[in-house]
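Structure file my_file.csv with CSV, C-alpha atoms:
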```
chain,number,residue,atom,x,y,z
Z,27,MET,CA,-17.3,7.4,-21.4
Z,28,ASN,CA,-19.2,8.9,-18.4
Z,29,GLU,CA,-18.6,12.6,-18.2
Z,30,GLU,CA,-18.8,12.7,-14.5
Z,31,LEU,CA,-16.2,10.0,-14.2
Z,32,ASP,CA,-13.9,11.9,-16.6
Z,33,SER,CA,-14.4,15.1,-14.6
Z,34,GLN,CA,-13.5,13.2,-11.4
Z,35,LEU,CA,-10.4,11.8,-13.2
Z,36,SER,CA,-9.3,15.3,-14.1
Z,37,ALA,CA,-9.8,16.5,-10.6
Z,38,MET,CA,-8.0,13.5,-9.2
Z,39,PHE,CA,-5.1,14.1,-11.6
Z,40,ASP,CA,-4.8,17.6,-10.1
Z,41,ASP,CA,-5.1,16.2,-6.5
Z,42,GLU,CA,-8.4,18.1,-6.1
Z,43,LEU,CA,-10.7,15.2,-5.5
Z,44,PRO,CA,-12.0,14.4,-2.0
Z,45,SER,CA,-10.2,11.4,-0.5
Z,46,VAL,CA,-13.3,9.2,-0.4
Z,47,GLU,CA,-13.9,9.7,-4.1
Z,48,CYS,CA,-10.2,9.2,-4.7
Z,49,GLU,CA,-10.2,5.8,-3.1
Z,50,LEU,CA,-13.0,4.6,-5.3
Z,51,LEU,CA,-11.6,6.1,-8.5
Z,52,ALA,CA,-8.1,4.8,-7.7
Z,53,ARG,CA,-9.6,1.3,-7.6
Z,54,ARG,CA,-11.3,1.8,-11.0
Z,55,LEU,CA,-8.2,3.5,-12.5
Z,56,SER,CA,-6.0,0.6,-11.6
Z,57,ARG,CA,-8.2,-1.8,-13.6
Z,58,ASP,CA,-9.7,0.2,-16.4
Z,59,GLU,CA,-7.2,0.5,-19.3
Z,60,GLN,CA,-9.2,3.1,-21.1
Z,61,LEU,CA,-9.3,5.3,-18.1
Z,62,LYS,CA,-5.6,4.7,-17.6
Z,63,ALA,CA,-4.8,5.7,-21.2
Z,64,ARG,CA,-6.8,9.0,-20.7
Z,65,TRP,CA,-4.9,9.6,-17.4
Z,66,GLY,CA,-1.6,9.1,-19.4
Z,67,ARG,CA,-2.8,11.6,-22.0
Z,68,TYR,CA,-3.5,14.1,-19.2
Z,69,ALA,CA,0.2,13.7,-18.2
Z,70,VAL,CA,1.3,14.3,-21.8
Z,71,MET,CA,-0.7,17.5,-22.0
Z,72,GLY,CA,1.0,18.7,-18.8
Z,73,ALA,CA,4.4,17.8,-20.2
Z,74,VAL,CA,3.7,19.8,-23.4
Z,75,LEU,CA,2.4,22.8,-21.5
Z,76,ARG,CA,5.5,22.8,-19.3
Z,77,SER,CA,7.7,22.5,-22.4
Z,78,GLU,CA,9.4,19.4,-21.1
Z,79,ARG,CA,11.7,19.4,-24.0
Z,80,GLY,CA,14.0,16.5,-24.7
Z,81,VAL,CA,11.4,14.2,-23.1
Z,82,ARG,CA,10.0,11.7,-25.5
Z,83,LEU,CA,6.2,12.0,-25.2
Z,84,ASN,CA,5.6,8.7,-26.8
Z,85,ALA,CA,8.1,6.9,-24.7
Z,86,PRO,CA,6.9,3.4,-23.8
Z,87,LEU,CA,8.4,3.8,-20.3
Z,88,ALA,CA,5.2,2.9,-18.4
Z,89,ARG,CA,4.7,-0.2,-20.5
Z,90,ARG,CA,8.3,-1.2,-19.9
Z,91,VAL,CA,8.0,-0.7,-16.1
Z,92,SER,CA,4.7,-2.6,-16.1
Z,93,ALA,CA,6.4,-5.5,-18.0
Z,94,VAL,CA,9.2,-5.7,-15.5
Z,95,LEU,CA,6.8,-5.6,-12.6
Z,96,LEU,CA,4.8,-8.5,-14.0
Z,97,ALA,CA,7.6,-10.7,-12.8
Z,98,GLU,CA,7.7,-9.1,-9.4
Z,99,PRO,CA,5.6,-10.5,-6.6
Z,100,ALA,CA,2.7,-8.3,-5.5
Z,101,LEU,CA,3.6,-6.2,-2.5
Z,102,ALA,CA,2.4,-7.0,0.9
Z,103,ALA,CA,2.7,-3.9,3.0
Z,104,PRO,CA,3.8,-4.2,6.6
Z,105,ALA,CA,0.8,-4.6,8.7
Z,106,PRO,CA,-0.6,-1.4,10.1
Z,107,ALA,CA,-0.4,-0.9,13.9
Z,108,SER,CA,-3.9,-2.2,14.5
Z,109,ALA,CA,-3.2,-5.4,12.5
Z,110,ARG,CA,0.1,-5.9,14.4
Z,111,ASN,CA,-1.8,-5.6,17.7
Z,112,ALA,CA,-4.3,-8.1,16.5
Z,113,GLY,CA,-1.4,-10.4,15.6
Z,114,VAL,CA,0.0,-10.0,19.1
Z,115,ARG,CA,-3.4,-10.4,20.8
Z,116,TRP,CA,-4.1,-13.9,19.5
Z,117,TRP,CA,-1.6,-15.6,21.7
Z,118,GLN,CA,-2.3,-13.5,24.8
Z,119,PRO,CA,-5.4,-15.5,25.9
Z,120,LEU,CA,-3.4,-18.7,25.4
Z,121,ALA,CA,-0.5,-17.4,27.4
Z,122,ALA,CA,-2.8,-16.1,30.1
Z,123,THR,CA,-4.7,-19.5,30.2
Z,124,GLY,CA,-1.4,-21.3,30.5
Z,125,LEU,CA,-0.2,-19.0,33.3
Z,126,ALA,CA,-3.5,-19.4,35.1
Z,127,ALA,CA,-3.4,-23.2,34.7
Z,128,GLY,CA,0.2,-23.3,36.1
Z,129,VAL,CA,-0.7,-21.2,39.1
Z,130,ALA,CA,-3.8,-23.4,39.6
Z,131,ALA,CA,-1.7,-26.5,39.6
Z,132,ALA,CA,0.7,-25.0,42.0
Z,133,SER,CA,-2.2,-24.0,44.3
Z,134,VAL,CA,-3.7,-27.4,44.2
Z,135,LEU,CA,-0.4,-29.0,45.2
Z,136,TRP,CA,0.0,-26.4,47.9
Z,137,LEU,CA,-3.5,-27.2,49.2
Z,138,ARG,CA,-2.7,-30.9,49.2
Z,139,ALA,CA,0.5,-30.3,51.1
Z,140,GLN,CA,-1.5,-28.4,53.7
Z,141,ALA,CA,-3.9,-31.3,54.4
Z,142,PRO,CA,-2.6,-34.6,53.0
Z,143,LEU,CA,-4.2,-36.8,55.6
Z,144,GLN,CA,-7.6,-35.1,55.2
Z,145,GLY,CA,-7.3,-35.6,51.5
Z,146,SER,CA,-6.6,-39.3,51.5
Z,147,ALA,CA,-9.2,-40.0,54.1
Z,148,ALA,CA,-11.8,-38.1,52.2
Z,149,MET,CA,-10.8,-39.9,49.0
Z,150,SER,CA,-11.3,-43.3,50.3
Z,151,ALA,CA,-14.6,-42.3,51.9
Z,152,GLN,CA,-16.0,-40.4,49.0
Z,153,LEU,CA,-14.9,-42.0,45.8
Z,154,PRO,CA,-17.5,-44.6,44.8
Z,155,VAL,CA,-15.5,-45.9,41.8
Z,156,ALA,CA,-12.2,-46.2,43.5
Z,157,PRO,CA,-13.1,-49.1,45.8
Z,158,ARG,CA,-14.3,-51.3,43.0
Z,159,ALA,CA,-11.2,-50.5,40.9
Z,160,VAL,CA,-8.9,-51.1,43.9
Z,161,ALA,CA,-10.6,-54.4,44.6
Z,162,ALA,CA,-10.0,-55.6,41.1
Z,163,LEU,CA,-6.3,-54.9,41.3
Z,164,ASN,CA,-3.6,-57.2,42.2
Z,165,LYS,CA,-2.7,-56.3,45.7
Z,166,ALA,CA,1.0,-56.5,45.0
Z,167,SER,CA,0.8,-53.8,42.4
Z,168,LEU,CA,-1.4,-51.4,44.4
Z,169,PRO,CA,1.4,-49.2,45.8
Z,170,GLU,CA,3.0,-48.9,42.4
Z,171,LEU,CA,-0.3,-47.9,40.7
Z,172,ARG,CA,-1.1,-45.5,43.4
Z,173,SER,CA,2.2,-43.7,42.9
Z,174,LYS,CA,1.5,-43.6,39.1
Z,175,ALA,CA,-1.9,-42.3,39.8
Z,176,LEU,CA,-0.5,-39.5,41.8
Z,177,GLN,CA,1.8,-38.7,39.0
Z,178,VAL,CA,-0.7,-38.8,36.1
Z,179,ALA,CA,-3.8,-37.5,37.7
Z,180,ALA,CA,-3.3,-36.7,41.3
Z,181,PRO,CA,-6.5,-37.5,43.2
Z,182,VAL,CA,-7.3,-34.2,44.8
Z,183,ILE,CA,-9.8,-32.9,47.1
Z,184,VAL,CA,-9.9,-29.2,46.9
Z,185,PRO,CA,-12.1,-27.1,49.1
Z,186,PRO,CA,-14.4,-25.7,46.5
Z,187,ILE,CA,-14.8,-22.3,48.1
Z,188,GLU,CA,-11.1,-21.7,48.1
Z,189,LEU,CA,-10.8,-22.9,44.5
Z,190,ALA,CA,-13.7,-20.7,43.5
Z,191,ASN,CA,-12.1,-17.7,45.2
Z,192,TYR,CA,-8.9,-18.5,43.3
Z,193,VAL,CA,-10.7,-18.6,40.0
Z,194,VAL,CA,-12.5,-15.3,40.6
Z,195,ALA,CA,-9.3,-13.7,41.7
Z,196,HIS,CA,-7.5,-14.8,38.6
Z,197,SER,CA,-10.3,-14.4,36.1
Z,198,MET,CA,-8.6,-11.5,34.4
Z,199,PHE,CA,-6.0,-14.0,33.2
Z,200,SER,CA,-8.3,-16.5,31.8
Z,201,ALA,CA,-10.8,-16.4,28.9
Z,202,PRO,CA,-14.2,-15.2,30.2
Z,203,VAL,CA,-16.1,-18.2,28.9
Z,204,ALA,CA,-13.7,-20.6,30.5
Z,205,GLY,CA,-13.9,-18.8,33.8
Z,206,HIS,CA,-17.6,-18.6,33.7
Z,207,SER,CA,-18.0,-22.3,33.0
Z,208,LEU,CA,-15.6,-23.2,35.8
Z,209,LEU,CA,-17.6,-21.1,38.2
Z,210,SER,CA,-20.9,-22.5,37.0
Z,211,THR,CA,-19.5,-26.0,37.7
Z,212,PHE,CA,-18.7,-25.0,41.3
Z,213,MET,CA,-22.1,-23.5,41.7
Z,214,SER,CA,-24.0,-26.5,40.3
Z,215,GLU,CA,-22.0,-28.9,42.4
Z,216,GLY,CA,-23.1,-27.1,45.5
Z,217,GLY,CA,-20.0,-27.3,47.4
Z,218,ALA,CA,-19.3,-31.0,46.7
Z,219,PRO,CA,-15.6,-31.8,46.7
Z,220,VAL,CA,-13.8,-31.9,43.4
Z,221,GLU,CA,-12.9,-35.3,42.4
Z,222,ALA,CA,-9.8,-36.3,40.5
Z,223,PRO,CA,-10.4,-38.8,37.7
Z,224,VAL,CA,-9.4,-42.4,38.5
Z,225,ALA,CA,-10.4,-44.0,35.2
Z,226,ASP,CA,-6.9,-44.0,33.9
Z,227,VAL,CA,-5.7,-45.8,37.0
Z,228,THR,CA,-8.3,-48.5,36.6
Z,229,ARG,CA,-7.6,-48.9,32.9
Z,230,SER,CA,-3.9,-49.2,33.3
Z,231,ALA,CA,-4.5,-51.7,36.1
Z,232,GLN,CA,-6.6,-53.9,33.9
R,4,MET,CA,-8.0,19.7,0.0
R,5,SER,CA,-5.1,17.8,1.6
R,6,ALA,CA,-2.1,17.5,-0.7
R,7,ASP,CA,-1.1,14.2,-2.3
R,8,VAL,CA,-4.5,12.5,-1.6
R,9,SER,CA,-4.8,11.0,-5.1
R,10,ASP,CA,-1.2,9.7,-5.2
R,11,LEU,CA,-1.6,8.3,-1.7
R,12,SER,CA,-4.8,6.5,-2.6
R,13,LEU,CA,-2.9,4.9,-5.5
R,14,VAL,CA,0.1,4.1,-3.3
R,15,ARG,CA,-2.1,2.4,-0.8
R,16,ARG,CA,-3.6,0.2,-3.5
R,17,VAL,CA,-0.1,-0.8,-4.7
R,18,GLN,CA,0.9,-1.5,-1.1
R,19,ARG,CA,-2.1,-3.8,-0.8
R,20,GLY,CA,-0.9,-5.7,-3.9
R,21,ASP,CA,-2.6,-3.9,-6.8
R,22,LYS,CA,0.1,-3.5,-9.4
R,23,GLY,CA,-2.3,-1.7,-11.8
R,24,ALA,CA,-2.4,1.3,-9.5
R,25,PHE,CA,1.4,1.6,-9.9
R,26,ASP,CA,0.9,2.0,-13.7
R,27,ALA,CA,-1.1,5.1,-13.0
R,28,LEU,CA,1.7,6.6,-10.9
R,29,VAL,CA,4.2,5.8,-13.7
R,30,LEU,CA,2.0,7.4,-16.3
R,31,LYS,CA,1.6,10.5,-14.3
R,32,TYR,CA,5.2,11.1,-13.4
R,33,GLN,CA,7.2,9.5,-16.2
R,34,HIS,CA,7.8,12.7,-18.1
R,35,LYS,CA,8.8,14.7,-15.0
R,36,LEU,CA,11.1,12.0,-13.9
R,37,VAL,CA,12.8,11.6,-17.3
R,38,LYS,CA,13.2,15.4,-17.4
R,39,LEU,CA,14.7,15.3,-14.0
R,40,VAL,CA,17.2,12.5,-14.8
R,41,MET,CA,18.2,14.3,-18.0
R,42,ARG,CA,20.1,16.8,-15.8
R,43,TYR,CA,22.5,14.0,-15.2
R,44,VAL,CA,22.7,12.0,-18.4
R,45,ARG,CA,23.0,13.1,-22.0
R,46,ASN,CA,20.5,11.2,-24.0
R,47,PRO,CA,16.8,10.6,-23.5
R,48,ALA,CA,17.1,6.8,-24.0
R,49,GLU,CA,19.6,6.6,-21.1
R,50,ALA,CA,17.4,8.9,-19.1
R,51,GLU,CA,14.5,6.6,-19.7
R,52,ASP,CA,16.5,3.6,-18.6
R,53,ILE,CA,17.4,5.3,-15.4
R,54,ALA,CA,13.9,6.5,-14.8
R,55,GLN,CA,12.7,3.0,-15.3
R,56,GLU,CA,15.2,1.7,-12.8
R,57,ALA,CA,14.0,4.4,-10.4
R,58,PHE,CA,10.4,3.4,-10.8
R,59,ILE,CA,11.2,-0.2,-10.1
R,60,LYS,CA,13.3,0.7,-7.0
R,61,ALA,CA,10.3,2.8,-5.9
R,62,TYR,CA,7.9,0.0,-6.4
R,63,ARG,CA,10.1,-2.4,-4.3
R,64,ALA,CA,10.5,0.2,-1.6
R,65,LEU,CA,6.8,1.1,-1.4
R,66,PRO,CA,6.1,-1.1,1.6
R,67,GLN,CA,8.4,1.3,3.6
R,68,PHE,CA,6.7,4.4,2.2
R,69,ARG,CA,4.6,5.7,5.1
R,70,GLY,CA,3.3,8.9,3.4
R,71,ASP,CA,5.2,11.3,5.6
R,72,SER,CA,6.2,13.2,2.5
R,73,ALA,CA,4.5,13.5,-0.9
R,74,PHE,CA,4.9,10.5,-3.1
R,75,TYR,CA,6.6,12.6,-5.8
R,76,THR,CA,9.1,14.0,-3.4
R,77,TRP,CA,10.0,10.5,-2.3
R,78,LEU,CA,10.2,9.3,-5.9
R,79,TYR,CA,12.3,12.4,-6.8
R,80,ARG,CA,14.9,11.4,-4.2
R,81,ILE,CA,15.0,7.9,-5.5
R,82,ALA,CA,15.4,9.1,-9.1
R,83,ILE,CA,18.2,11.5,-8.2
R,84,ASN,CA,20.1,8.8,-6.3
R,85,THR,CA,19.7,6.4,-9.1
R,86,ALA,CA,20.9,8.9,-11.7
R,87,LYS,CA,23.9,9.8,-9.5
R,88,ASN,CA,24.8,6.2,-9.1
R,89,ALA,CA,24.4,5.6,-12.8
R,90,VAL,CA,26.7,8.5,-13.6
R,91,VAL,CA,29.3,7.3,-11.1
R,92,SER,CA,29.2,3.7,-12.3
R,93,ARG,CA,29.6,4.8,-15.9
R,94,ASP,CA,32.4,7.2,-15.0
R,95,ARG,CA,30.6,10.2,-16.4
R,96,SER,CA,30.4,13.7,-15.1
R,97,PRO,CA,27.0,15.0,-14.2
R,98,ILE,CA,25.7,17.7,-16.5
R,99,GLU,CA,23.7,20.4,-14.8
R,100,TYR,CA,21.8,22.5,-17.2
R,101,ASP,CA,18.4,24.1,-17.6
R,102,LEU,CA,16.2,22.8,-20.3
R,103,ASP,CA,14.5,26.2,-20.6
R,104,ARG,CA,13.5,26.7,-24.2
R,105,ASN,CA,14.9,30.2,-24.2
R,106,SER,CA,18.4,29.1,-23.3
R,107,ASP,CA,20.9,28.9,-26.1
R,108,GLU,CA,22.9,26.2,-24.3
R,109,SER,CA,19.6,24.3,-23.9
R,110,HIS,CA,18.9,24.5,-27.6
R,111,ASP,CA,22.4,23.2,-28.3
R,112,MET,CA,21.8,20.3,-25.9
R,113,GLN,CA,18.5,19.6,-27.5
R,114,GLY,CA,20.2,19.2,-30.8
R,115,ARG,CA,22.6,16.7,-29.3
R,116,MET,CA,19.8,14.8,-27.6
R,117,LYS,CA,17.7,14.6,-30.7
R,118,ASP,CA,20.6,12.9,-32.5
R,119,SER,CA,20.1,9.9,-30.3
R,120,GLU,CA,16.4,9.6,-31.0
R,121,THR,CA,14.9,7.7,-33.8
R,122,PRO,CA,13.3,9.7,-36.6
R,123,GLU,CA,10.0,8.0,-36.0
R,124,GLY,CA,10.1,8.8,-32.3
R,125,LEU,CA,10.9,12.4,-33.1
R,126,VAL,CA,8.0,12.7,-35.5
R,127,LEU,CA,5.6,11.4,-33.1
R,128,THR,CA,6.8,13.5,-30.2
R,129,ASP,CA,6.7,16.6,-32.5
R,130,GLU,CA,3.2,15.7,-33.7
R,131,ILE,CA,2.0,15.3,-30.1
R,132,ARG,CA,3.5,18.6,-29.1
R,133,SER,CA,2.0,20.5,-32.1
R,134,THR,CA,-1.4,18.8,-31.6
R,135,VAL,CA,-1.6,19.8,-27.9
R,136,ASN,CA,-0.4,23.4,-28.7
R,137,ALA,CA,-2.9,23.8,-31.5
R,138,ALA,CA,-5.7,22.4,-29.2
R,139,ILE,CA,-4.7,24.9,-26.5
R,140,ASP,CA,-4.7,27.8,-28.9
R,141,ALA,CA,-8.2,26.8,-30.0
R,142,LEU,CA,-9.6,26.8,-26.5
R,143,PRO,CA,-12.0,29.5,-25.3
R,144,GLU,CA,-10.1,32.1,-23.2
R,145,ASP,CA,-11.6,31.0,-19.8
R,146,LEU,CA,-10.7,27.3,-20.4
R,147,ARG,CA,-7.2,28.1,-21.7
R,148,THR,CA,-6.5,30.4,-18.7
R,149,ALA,CA,-7.7,27.7,-16.3
R,150,ILE,CA,-5.6,24.9,-17.8
R,151,VAL,CA,-2.5,27.1,-18.1
R,152,LEU,CA,-2.7,28.3,-14.5
R,153,ARG,CA,-3.0,24.8,-13.4
R,154,GLU,CA,-0.4,23.0,-15.5
R,155,LEU,CA,2.1,25.8,-16.1
R,156,GLU,CA,1.8,27.8,-12.8
R,157,GLY,CA,0.9,24.8,-10.7
R,158,LEU,CA,-1.9,26.7,-8.9
R,159,SER,CA,-4.5,24.9,-6.9
R,160,TYR,CA,-8.2,25.1,-7.9
R,161,GLU,CA,-8.8,27.5,-5.0
R,162,GLU,CA,-6.0,29.8,-6.1
R,163,ILE,CA,-7.3,29.7,-9.7
R,164,ALA,CA,-10.8,30.4,-8.5
R,165,ALA,CA,-9.4,33.5,-6.7
R,166,ALA,CA,-7.4,34.6,-9.7
R,167,MET,CA,-10.3,34.1,-12.1
R,168,ASP,CA,-13.0,35.4,-9.6
R,169,CYS,CA,-15.2,32.3,-10.0
R,170,PRO,CA,-16.3,29.3,-7.8
R,171,VAL,CA,-13.9,26.4,-7.3
R,172,GLY,CA,-16.5,24.1,-9.0
R,173,THR,CA,-16.3,26.3,-12.1
R,174,VAL,CA,-12.6,26.0,-12.2
R,175,ARG,CA,-12.8,22.2,-11.9
R,176,SER,CA,-15.3,22.2,-14.8
R,177,ARG,CA,-13.2,24.5,-17.0
R,178,ILE,CA,-10.1,22.5,-16.5
R,179,PHE,CA,-11.9,19.3,-17.3
R,180,ARG,CA,-13.5,20.8,-20.4
R,181,ALA,CA,-10.1,22.1,-21.6
R,182,ARG,CA,-8.6,18.6,-21.1
R,183,GLU,CA,-11.5,17.0,-22.9
R,184,ALA,CA,-11.0,19.3,-25.9
R,185,ILE,CA,-7.3,18.7,-26.0
R,186,ASP,CA,-7.8,14.9,-25.5
R,187,ARG,CA,-10.1,14.6,-28.5
R,188,ARG,CA,-7.3,15.7,-30.8
R,189,LEU,CA,-4.6,13.9,-28.9
R,190,ARG,CA,-6.5,10.6,-29.1
R,191,GLU,CA,-6.4,10.9,-32.8
R,192,VAL,CA,-2.6,11.0,-32.8
R,193,PHE,CA,-2.2,8.1,-30.5
R,194,GLU,CA,-5.1,5.9,-31.7
R,195,GLY,CA,-5.5,7.1,-35.3
R,196,GLY,CA,-3.0,8.5,-37.8
R,197,LEU,CA,0.2,6.9,-36.5
R,198,GLY,CA,-1.5,3.9,-35.0
R,199,ARG,CA,0.8,3.8,-32.0
R,200,ALA,CA,-1.7,4.0,-29.2
R,201,GLU,CA,0.1,1.3,-27.2
R,202,GLU,CA,3.2,3.4,-27.0
R,203,LEU,CA,1.6,5.7,-24.6
R,204,GLY,CA,1.8,3.3,-21.8
```
Structure rendered as structure tokens:
Amino acid sequence: MNEELDSQLSAMFDDELPSVECELLARRLSRDEQLKARWGRYAVMGAVLRSERGVRLNAPLARRVSAVLLAEPALAAPAPASARNAGVRWWQPLAATGLAAGVAAASVLWLRAQAPLQGSAAMSAQLPVAPRAVAALNKASLPELRSKALQVAAPVIVPPIELANYVVAHSMFSAPVAGHSLLSTFMSEGGAPVEAPVADVTRSAQ
Amino acid sequence: MSADVSDLSLVRRVQRGDKGAFDALVLKYQHKLVKLVMRYVRNPAEAEDIAQEAFIKAYRALPQFRGDSAFYTWLYRIAINTAKNAVVSRDRSPIEYDLDRNSDESHDMQGRMKDSETPEGLVLTDEIRSTVNAAIDALPEDLRTAIVLRELEGLSYEEIAAAMDCPVGTVRSRIFRAREAIDRRLREVFEGGLGRAEELG
């Protein structure tokens, strides 16, 4: 056996080995039966030197304990503080995103309430798909579909500057990538009004 | 050197699911624990049963062990409680006595304890004891002093270095060489003559 390793084992037995080396040797000790047997004999030497009389030096206690523990599940230590924090952290972006989405929806509704007439006028003027879809509809069902459309995907015209300001103001609650893409969208659209999807309306009408 | 580093490194491994590391802790402390429990119960076989129970309780409680105290201190408390509970449940009075070899009462108690052991076990224990003692007697003076100061007096390497007026590295080397010399003979007992190597652990 490696003399340096045995010397380390002796120092570890006396709690005189640096902690880094201890970590490595503990790993080896837990797997190497020869090393474990030597470790056990070191303990026997100590017991004899201390005159631990009445104690059976050949007692198969360790073997018995090991046999009982075979049936035990391996331990899973309570997660250290850092791991617990990591566990808490995973849902925080989701919660923040949900909160931001809720506030955004409320803001959109509030903006619509502020200028309902402007919104409907602009919608009829600016949605190129909507007229074709509306023309294909049965006129009798139009009011009903419109109310459904408002429930499912409210056609919204949101002033892009206000919405962009809102996103910037609430960026701390949303994932950075999502916030960045949303802002990029505003920038690329160059101030064009945001359109609400109407495809669902047309599909359900057909 | 911070105290309990080696035990703690083994404990952390057990806490991460490495049962093998717990074997090393049991091997290291089994004799101390049995000796401790024998203050409360009469015979070694019963003391071993209680020590076994204490080790298993300790294993199950290890996830809660944070390392605020030394592992042996924590294990010691578990063993004491287990022994007291065993005594109460078996309706026996605790026996407090010193197992010092010079005490007459202790010698008397030794006699009673030995009655409960098997002759084979006694032979092997005696052979182990005489082998270790003979090996220690045969050691060069500096090695013997170093190992005795460590095992019997419980001095740290630094304290031994101061006592022996030599560097700490020399102390480490002397203790290791002493153990190697003793181990060569001890291995023969466990692996050779009596063929009961597996009984060590």
Identify every residue of chain R that has at least one atom within 6 Å of any atom of chain Z, counting all atoms listed in the file, and report the result as a PyMOL selection string. chain R and resi 8-9+12-13+18-20+23-24+29-31+66+128+132+154-155+179+202-204
Could you please determine the separation between CA of Ile150 in chain R and CA of Ile178 in chain R in Å, to one decimal place? 5.3 Å
Mind giving me the straight-line distance from CA of Ala73 in chain R to CA of Val40 in chain R in Å, one decimal? 18.9 Å
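Interatomic distance, CA of Arg93 in chain R to CA of Tyr75 in chain R: 26.3 Å.
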